[in-house]
Number of protein chains: 2
Amino acid sequence: MSSLPPGPGPTNAPPALPEGALRVVALGGIGEVGRNMTVFEYGGRLLIVDCGVLFPEDDQPGVDLILPDFRAIEDRLDDIDGLVLTHGHEDHIGAVPFLLRLRPDLPIYGSKFTNALLAAKAKEHRQRPNLIQVREGERRDVGVFNLEFFAVNHSIPDALAVAIRTPAGVVLHTGDIKLDQLPLDGRLTDLAGFSRLGDEGVDLFCVDSTNAEVPGFVMPERDIGPVLDDVVRKVDQRVIVACFASHVHRVQQVLDAAERHGRRIAFVGRSMVRNMGIAAELGLLNVPDGLLVDLDQASNLPESKVLFVSTGSQGEPLSALSRMARGEHRQISIRAGDTVVLASSMIPGNETAVFGVVNGLTRLGANVVHQGNAKVHVSGHASAGELLYLYNAVRPSNVMPVHGEWKHLRANGELAIRTGVAPENVVIAEDGVVVDLVDGKASRTGRVEVGHVYVDGLSVGDVGESTLSDRLVLGEGGFISISVAVDSSTGRAVSSPTVSGRGFSDDPKALAAVVPLVEMELARTEAEGITDTHRIAQAVRRVVGRWVADTYRRRPMIVPTVIPV
Amino acid sequence: MSSLPPGPGPTNAPPALPEGALRVVALGGIGEVGRNMTVFEYGGRLLIVDCGVLFPEDDQPGVDLILPDFRAIEDRLDDIDGLVLTHGHEDHIGAVPFLLRLRPDLPIYGSKFTNALLAAKAKEHRQRPNLIQVREGERRDVGVFNLEFFAVNHSIPDALAVAIRTPAGVVLHTGDIKLDQLPLDGRLTDLAGFSRLGDEGVDLFCVDSTNAEVPGFVMPERDIGPVLDDVVRKVDQRVIVACFASHVHRVQQVLDAAERHGRRIAFVGRSMVRNMGIAAELGLLNVPDGLLVDLDQASNLPESKVLFVSTGSQGEPLSALSRMARGEHRQISIRAGDTVVLASSMIPGNETAVFGVVNGLTRLGANVVHQGNAKVHVSGHASAGELLYLYNAVRPSNVMPVHGEWKHLRANGELAIRTGVAPENVVIAEDGVVVDLVDGKASRTGRVEVGHVYVDGLSVGDVGESTLSDRLVLGEGGFISISVAVDSSTGRAVSSPTVSGRGFSDDPKALAAVVPLVEMELARTEAEGITDTHRIAQAVRRVVGRWVADTYRRRPMIVPTVIPV
């Protein structure tokens, strides 16, 4: 079936880059969905495309965000000529503030809306980034790199693809892309531009893989309008629509439906209020005068005269919608006959949370309209059919699928091959794999170390795999702590052991047997003349661990503390 | 849209059951998917239908299983006339061993295959249950209840629906059901029997809600055969098919495909080996002589001559398939060109785990065939179209949707209404809600307490909400422990505080500031004359908690231990 090279690729350190060659390495975003960041190197200079965050999975508990691994560029910060942002989604701009901590004056190139979203984010970090606005059709030198920007269509306005010209060849990076042929803002993906670039010759094509497995074409965003309209028209109680806080065109269609049916709009959720404010200010969202009310005003309107546009479409536990579903929202309590529309996808991993919200809302009597029972969402990423258009327009020499897990990358590579790209010129490279474009041929030449960089609260990087592995153990089984003071000269216990468990049992007597057990063990270590607190602690850990495994068949963390006095 | 009563229903304790009336209460399985258990009461006697387990969600960490809450029947064990098992899935029989601990001689009624699976399970618990075999078409008195059994089609052989006749009226409980019109074993759901019962008059119809939201009809199981055949025919390397270990008909089709293409079969995974052994012994699975080999034999066969049938279709981390995906399976290491078929659904909540397995396999070069890219799975539960057939055959006076979350229950209720059931006779009752059938009318009259009963290792019930809430805190943020010995008469510290964190940071210096901080606080408590170890501990907790919130903006558990010496 597949003629692609499988598996993880080279493990060696990358060789020196030959003169006149181009190097590409993703520090995030390949082999995973999120934290997109690709570094291009030519003539000793670097250009970065995107710098996003990844949201943690179940096996990364307590983590707020995951950043790309900057180690490969940490010692070369002054070699960076610029950072290009393809669009304003978190998985493309979310890590910029962390990169700016290393290089505050980094020149950042993005479209108007992208830069505005980044500026708002940077403000929260008390940063003033060096933002340079670019637009489609524009061509400019950024250090040794010559860039050209192309309009692309995505689930956020003002997205760009970027062509990078160096003497080593022409690279085209799509960013996130789809080919909606009836876009709400009339701004088509510039397929003609891609064709023209293809005529010139594209040596390396980096292509969004997210929906490469999905056959066919994405329905136009515009087709959601009538569905939303239909929902709003039919009901005479409250309507709450949840969607992504950056999906301006989706919100526009909700606003249009509300206006047609005489409903006022209230935005719910901090990021929704902020982003729609920015979009309206930049003329990307059309808000008729008087349509918008605040939450307090909305509460005083008749139920048939109001529509809430809310965050929380992914079941985020602290979001407005989740609080409504639990009956804990301060201003909006769901009643029988209310209608809630989830005008959104379900990001893999969020299913349980989203279903929880749907069930909570249903239990309170709301009618929930979602992707599963109505056409209220379309994807922002090109399906297989659209990707074929891209390959046929660009006719690239080499292809490097980006943005996706392995299954997406391989599916995307297969599509390239079906349009005529030679299988040996399709390069599947996960994060850290170094791809060199030498004499027009791209190949994997080595690997730099790339790990997960965790943000937890205020700090970056101090939470690592060992901490996460402890959290997983603690989360599964809790811990049993045993503290005892011993005479450091004799090894004799000078107190009775203090035993307590957390996350172990609701039964207050569950650990009653541990004190005598530990006392016996301490008598033994004393009799053996052991005075080293570390050795005593180990003995205690061993005996309690064995007891809990035999008695409960569980594996809590055992935490002995032996205090020398 | 909906004319159903929304929301959680009554909160009062149930009234005394009027003479001649029937009571129904689910101790599990309504408002959730799993741990199905419904208790029927007539004339002071009880009949139970099913007794299954529920698998834990993310917010129930470390738990192995969740049982129905037996409290409502704990004091009435001798009133139970019998337990009916509709089929052998874990969510219908998994909790029986725990019920048998309370009442070892409980008469249990099930079909041949159901009883065989339960017997195997009971053996692991060293129990010898009192099993009575029943079959479709059979009618028998169980105490005051007259039972009649009907063949139903599901994703496991030998499933039954049960009619329960009492002077209060006739109840029909579907168990899990679908209406495959071309079943592999020719055993159709007995729609004619349901119609006949409908002629007699069904007063209360308890109906499987799992797929009530899904429009249309489930494709016949038989249609998967050609798809599997096609996969096996085309490849010349190894094929691994993963599916549920109880899905005999699915496995039969895999076996048939293997035989046709000259491949031997090896079963992988303990439950697969066990269940297929039982099925073959009972004549439910046809295994041609010589087809089966063990894993060691399979490893010595040419790659084109073997097919593995494995557990692990839900991404269970310890399963054979997950170990293959991580490259950790002892006997089977995935190579480029191997084909893995996930002939299974994706149970909500398992998406991340399943996608993880798919990506791991793809990364190693396997071609993964799954529900998303081929017709290799059909559901075991009736879709909306089939449910309409059921309602039209049975023409019930009252309907009580069972087996499902709120959204499923409501969707099922809507279907009943569309076939002519009066909205006020559709009873949505979550776990614990008491439904009384009085003079032919079913209504919700009260509520008994129903909670989650957790099995963790060897013990049942000692892990409760408080332990789980501690586990969630520990899993998110780890803990910081501070141990210190104090002179109990003066309150003076006689040791330096021992501070350690687990699940907090990989940085060994992360907590360096805590020791002086605690020493300062201990000096303060001593100066204030505080000698009570509990008060000293509280002071330490407060000061460390505040420090960690300010410094890290995190909330680990703070665990102070003050040892009096």
# chains A, B, ... in the order shown; residues from 1 in each chain; ligands from 1
>>> residues_around(residues="region 468-473 of chain B", least_positions_apart="3", cutoff="8 Å", atoms="only C-alpha atoms", output="PyMOL selection string")
(chain A and resi 474-478+502-504) or (chain B and resi 59-61+463-465+476-478+555-557)
>>> select_by_dssp(residues="region 427-493 of chain B", states="helix (DSSP H, G or I)", output="PyMOL selection string")
chain B and resi 465-477
>>> write_last_selection(atoms="all heavy atoms", output="compact mmCIF listing (two decimals), in the first residue's frame")
# COMPACT_ATOMS: atom_id res chain seq x y z
N GLU B 465 -15.26 9.64 47.17
CA GLU B 465 -15.08 10.93 46.50
C GLU B 465 -13.94 11.74 47.13
O GLU B 465 -13.24 12.48 46.44
CB GLU B 465 -16.38 11.74 46.50
CG GLU B 465 -17.58 11.03 45.85
CD GLU B 465 -17.33 10.54 44.41
OE1 GLU B 465 -16.47 11.11 43.72
OE2 GLU B 465 -17.99 9.56 43.99
N SER B 466 -13.74 11.61 48.45
CA SER B 466 -12.70 12.40 49.09
C SER B 466 -11.31 11.92 48.65
O SER B 466 -10.41 12.72 48.36
CB SER B 466 -12.88 12.34 50.61
OG SER B 466 -11.68 12.16 51.27
N THR B 467 -11.14 10.60 48.56
CA THR B 467 -9.88 10.05 48.06
C THR B 467 -9.64 10.47 46.61
O THR B 467 -8.53 10.87 46.23
CB THR B 467 -9.89 8.52 48.18
OG1 THR B 467 -9.93 8.17 49.57
CG2 THR B 467 -8.66 7.89 47.54
N LEU B 468 -10.69 10.39 45.79
CA LEU B 468 -10.54 10.76 44.38
C LEU B 468 -10.19 12.23 44.25
O LEU B 468 -9.38 12.62 43.41
CB LEU B 468 -11.81 10.45 43.60
CG LEU B 468 -12.12 8.97 43.42
CD1 LEU B 468 -13.29 8.79 42.47
CD2 LEU B 468 -10.91 8.21 42.90
N SER B 469 -10.80 13.06 45.09
CA SER B 469 -10.52 14.47 45.00
C SER B 469 -9.06 14.73 45.41
O SER B 469 -8.36 15.54 44.78
CB SER B 469 -11.56 15.23 45.81
OG SER B 469 -10.97 16.15 46.65
N ASP B 470 -8.54 14.01 46.41
CA ASP B 470 -7.11 14.12 46.74
C ASP B 470 -6.24 13.65 45.58
O ASP B 470 -5.22 14.25 45.27
CB ASP B 470 -6.78 13.27 47.98
CG ASP B 470 -7.13 13.99 49.28
OD1 ASP B 470 -7.48 15.18 49.22
OD2 ASP B 470 -7.05 13.35 50.34
N ARG B 471 -6.64 12.57 44.94
CA ARG B 471 -5.84 12.06 43.81
C ARG B 471 -5.78 13.08 42.69
O ARG B 471 -4.75 13.23 42.02
CB ARG B 471 -6.44 10.75 43.26
CG ARG B 471 -6.17 9.58 44.16
CD ARG B 471 -6.70 8.28 43.54
NE ARG B 471 -6.54 7.20 44.51
CZ ARG B 471 -7.01 5.96 44.32
NH1 ARG B 471 -7.67 5.67 43.23
NH2 ARG B 471 -6.81 5.05 45.24
N LEU B 472 -6.92 13.77 42.45
CA LEU B 472 -6.93 14.77 41.38
C LEU B 472 -5.96 15.91 41.71
O LEU B 472 -5.21 16.37 40.85
CB LEU B 472 -8.35 15.28 41.15
CG LEU B 472 -9.29 14.26 40.49
CD1 LEU B 472 -10.73 14.75 40.51
CD2 LEU B 472 -8.87 13.98 39.04
N VAL B 473 -5.97 16.34 42.96
CA VAL B 473 -5.04 17.41 43.38
C VAL B 473 -3.60 16.94 43.23
O VAL B 473 -2.75 17.63 42.67
CB VAL B 473 -5.33 17.84 44.84
CG1 VAL B 473 -4.23 18.75 45.36
CG2 VAL B 473 -6.68 18.51 44.95
N LEU B 474 -3.32 15.74 43.72
CA LEU B 474 -1.96 15.20 43.65
C LEU B 474 -1.53 14.99 42.20
O LEU B 474 -0.38 15.25 41.84
CB LEU B 474 -1.88 13.86 44.41
CG LEU B 474 -1.99 13.96 45.93
CD1 LEU B 474 -2.25 12.58 46.54
CD2 LEU B 474 -0.70 14.56 46.51
N GLY B 475 -2.44 14.52 41.39
CA GLY B 475 -2.13 14.26 39.99
C GLY B 475 -1.85 15.55 39.23
O GLY B 475 -1.04 15.59 38.31
N GLU B 476 -2.50 16.62 39.61
CA GLU B 476 -2.31 17.90 38.94
C GLU B 476 -1.04 18.61 39.40
O GLU B 476 -0.36 19.23 38.60
CB GLU B 476 -3.50 18.83 39.23
CG GLU B 476 -4.77 18.47 38.53
CD GLU B 476 -4.76 18.87 37.06
OE1 GLU B 476 -4.60 20.06 36.78
OE2 GLU B 476 -4.89 17.97 36.20
N GLY B 477 -0.77 18.52 40.70
CA GLY B 477 0.29 19.37 41.22
C GLY B 477 1.30 18.71 42.13
O GLY B 477 2.21 19.36 42.63
>>> residues_around(residues="region 161-165 of chain A", least_positions_apart="5", cutoff="7 Å", atoms="only C-alpha atoms", output="NGL selection string")
:A and (86 or 145-152 or 170-175)
>>> closest_residue(among="B:Gly283, B:Gly327, B:Pro288, B:Gly545", to="Gly360 (chain B)", atoms="only C-alpha atoms")
B:Gly327
>>> residues_around(residues="Lys305 (chain B)", least_positions_apart="5", cutoff="8 Å", atoms="only C-alpha atoms", output="PDB file with N, CA and C atoms, in the first residue's frame")
ATOM      1  N   ARG B 238       2.273  -9.597   7.553  1.00  0.00           N
ATOM      2  CA  ARG B 238       1.415  -9.990   8.672  1.00  0.00           C
ATOM      3  C   ARG B 238       0.141  -9.148   8.756  1.00  0.00           C
ATOM      4  N   GLY B 262      -5.460 -18.833   3.260  1.00  0.00           N
ATOM      5  CA  GLY B 262      -4.350 -19.694   3.656  1.00  0.00           C
ATOM      6  C   GLY B 262      -3.524 -19.188   4.826  1.00  0.00           C
ATOM      7  N   ARG B 263      -4.170 -18.448   5.716  1.00  0.00           N
ATOM      8  CA  ARG B 263      -3.446 -17.977   6.900  1.00  0.00           C
ATOM      9  C   ARG B 263      -3.900 -18.735   8.139  1.00  0.00           C
ATOM     10  N   ARG B 264      -2.929 -19.053   9.023  1.00  0.00           N
ATOM     11  CA  ARG B 264      -3.275 -19.594  10.319  1.00  0.00           C
ATOM     12  C   ARG B 264      -3.643 -18.451  11.257  1.00  0.00           C
TER      13      ARG B 264
END
>>> residues_around(residues="Arg330 (chain A)", least_positions_apart="4", cutoff="10 Å", atoms="only C-alpha atoms", output="PyMOL selection string")
chain A and resi 320+323-324
>>> residues_around(residues="Lys178 (chain A)", least_positions_apart="3", cutoff="10 Å", atoms="only C-alpha atoms", output="ChimeraX atom specification")
/A:152-155,174-175,181,188-189,208,211,217-218,379-383,386-387,390
>>> residues_around(residues="Arg447 (chain A)", least_positions_apart="6", cutoff="7 Å", atoms="only C-alpha atoms", output="PyMOL selection string")
chain A and resi 10-14+432-434
>>> write_last_selection(atoms="all heavy atoms", output="short mmCIF file (atom, residue, chain, number, x, y, z; two decimals), in the first residue's frame")
data_model
loop_
_atom_site.label_atom_id
_atom_site.label_comp_id
_atom_site.auth_asym_id
_atom_site.auth_seq_id
_atom_site.Cartn_x
_atom_site.Cartn_y
_atom_site.Cartn_z
N PRO A 10 16.50 9.14 10.90
CA PRO A 10 17.88 9.09 11.39
C PRO A 10 17.98 9.46 12.87
O PRO A 10 17.13 10.16 13.40
CB PRO A 10 18.61 10.13 10.54
CG PRO A 10 17.54 11.05 10.04
CD PRO A 10 16.30 10.23 9.93
N THR A 11 19.05 8.99 13.49
CA THR A 11 19.26 9.31 14.90
C THR A 11 20.58 10.06 15.11
O THR A 11 20.83 10.56 16.20
CB THR A 11 19.30 8.01 15.73
OG1 THR A 11 20.28 7.13 15.15
CG2 THR A 11 17.96 7.30 15.73
N ASN A 12 21.37 10.13 14.06
CA ASN A 12 22.67 10.80 14.19
C ASN A 12 22.52 12.31 14.29
O ASN A 12 21.53 12.88 13.85
CB ASN A 12 23.53 10.47 12.96
CG ASN A 12 22.82 10.87 11.67
OD1 ASN A 12 21.83 10.24 11.30
ND2 ASN A 12 23.30 11.92 11.00
N ALA A 13 23.54 12.97 14.86
CA ALA A 13 23.57 14.43 14.85
C ALA A 13 23.69 14.87 13.40
O ALA A 13 24.29 14.18 12.58
CB ALA A 13 24.76 14.93 15.66
N PRO A 14 23.11 16.01 13.06
CA PRO A 14 23.14 16.44 11.65
C PRO A 14 24.56 16.80 11.22
O PRO A 14 25.33 17.33 12.02
CB PRO A 14 22.23 17.66 11.64
CG PRO A 14 22.18 18.15 13.05
CD PRO A 14 22.38 16.96 13.91
N GLY A 432 12.34 17.51 15.19
CA GLY A 432 13.76 17.30 15.46
C GLY A 432 14.51 16.68 14.30
O GLY A 432 15.74 16.75 14.26
N VAL A 433 13.78 16.05 13.38
CA VAL A 433 14.46 15.44 12.24
C VAL A 433 14.91 16.55 11.28
O VAL A 433 14.14 17.43 10.92
CB VAL A 433 13.56 14.42 11.51
CG1 VAL A 433 14.19 13.99 10.19
CG2 VAL A 433 13.31 13.23 12.40
N VAL A 434 16.18 16.50 10.92
CA VAL A 434 16.78 17.55 10.09
C VAL A 434 16.63 17.18 8.62
O VAL A 434 17.01 16.08 8.22
CB VAL A 434 18.26 17.71 10.45
CG1 VAL A 434 18.95 18.67 9.49
CG2 VAL A 434 18.40 18.22 11.88
#
>>> select_by_dssp(residues="region 193-414 of chain A", states="strand (DSSP E or B)", output="ChimeraX atom specification")
/A:204-208,211,239-242,264-268,292,306-310,339-342,367-370,383,398-402,404
>>> closest_atom_pairs(of="region 355-418 of chain B", to="region 229-234 of chain B", cutoff="12 Å", atoms="only C-alpha atoms", output="JSON lines")
{"residue": "B:Asn367", "atom": "CA", "partner": "B:Val231", "partner_atom": "CA", "distance": 10.5}
{"residue": "B:Val368", "atom": "CA", "partner": "B:Val231", "partner_atom": "CA", "distance": 10.6}
{"residue": "B:Val369", "atom": "CA", "partner": "B:Val231", "partner_atom": "CA", "distance": 8.5}
{"residue": "B:His370", "atom": "CA", "partner": "B:Val231", "partner_atom": "CA", "distance": 11.2}
{"residue": "B:Ala374", "atom": "CA", "partner": "B:Val231", "partner_atom": "CA", "distance": 9.7}
{"residue": "B:Lys375", "atom": "CA", "partner": "B:Val231", "partner_atom": "CA", "distance": 11.0}
{"residue": "B:Val376", "atom": "CA", "partner": "B:Val231", "partner_atom": "CA", "distance": 10.0}
>>> closest_residue(among="A:Gly315, A:Gly43, A:Pro396, A:Gly29", to="Ala168 (chain A)", atoms="only C-alpha atoms")
A:Gly43
>>> atom_distance(atom1="CA of Leu292 (chain B)", atom2="CA of Ala266 (chain B)")
5.9 Å
>>> closest_residue(among="A:Thr490, A:Thr362, A:Gln252, A:Asn392", to="chain B", atoms="only C-alpha atoms")
A:Thr362
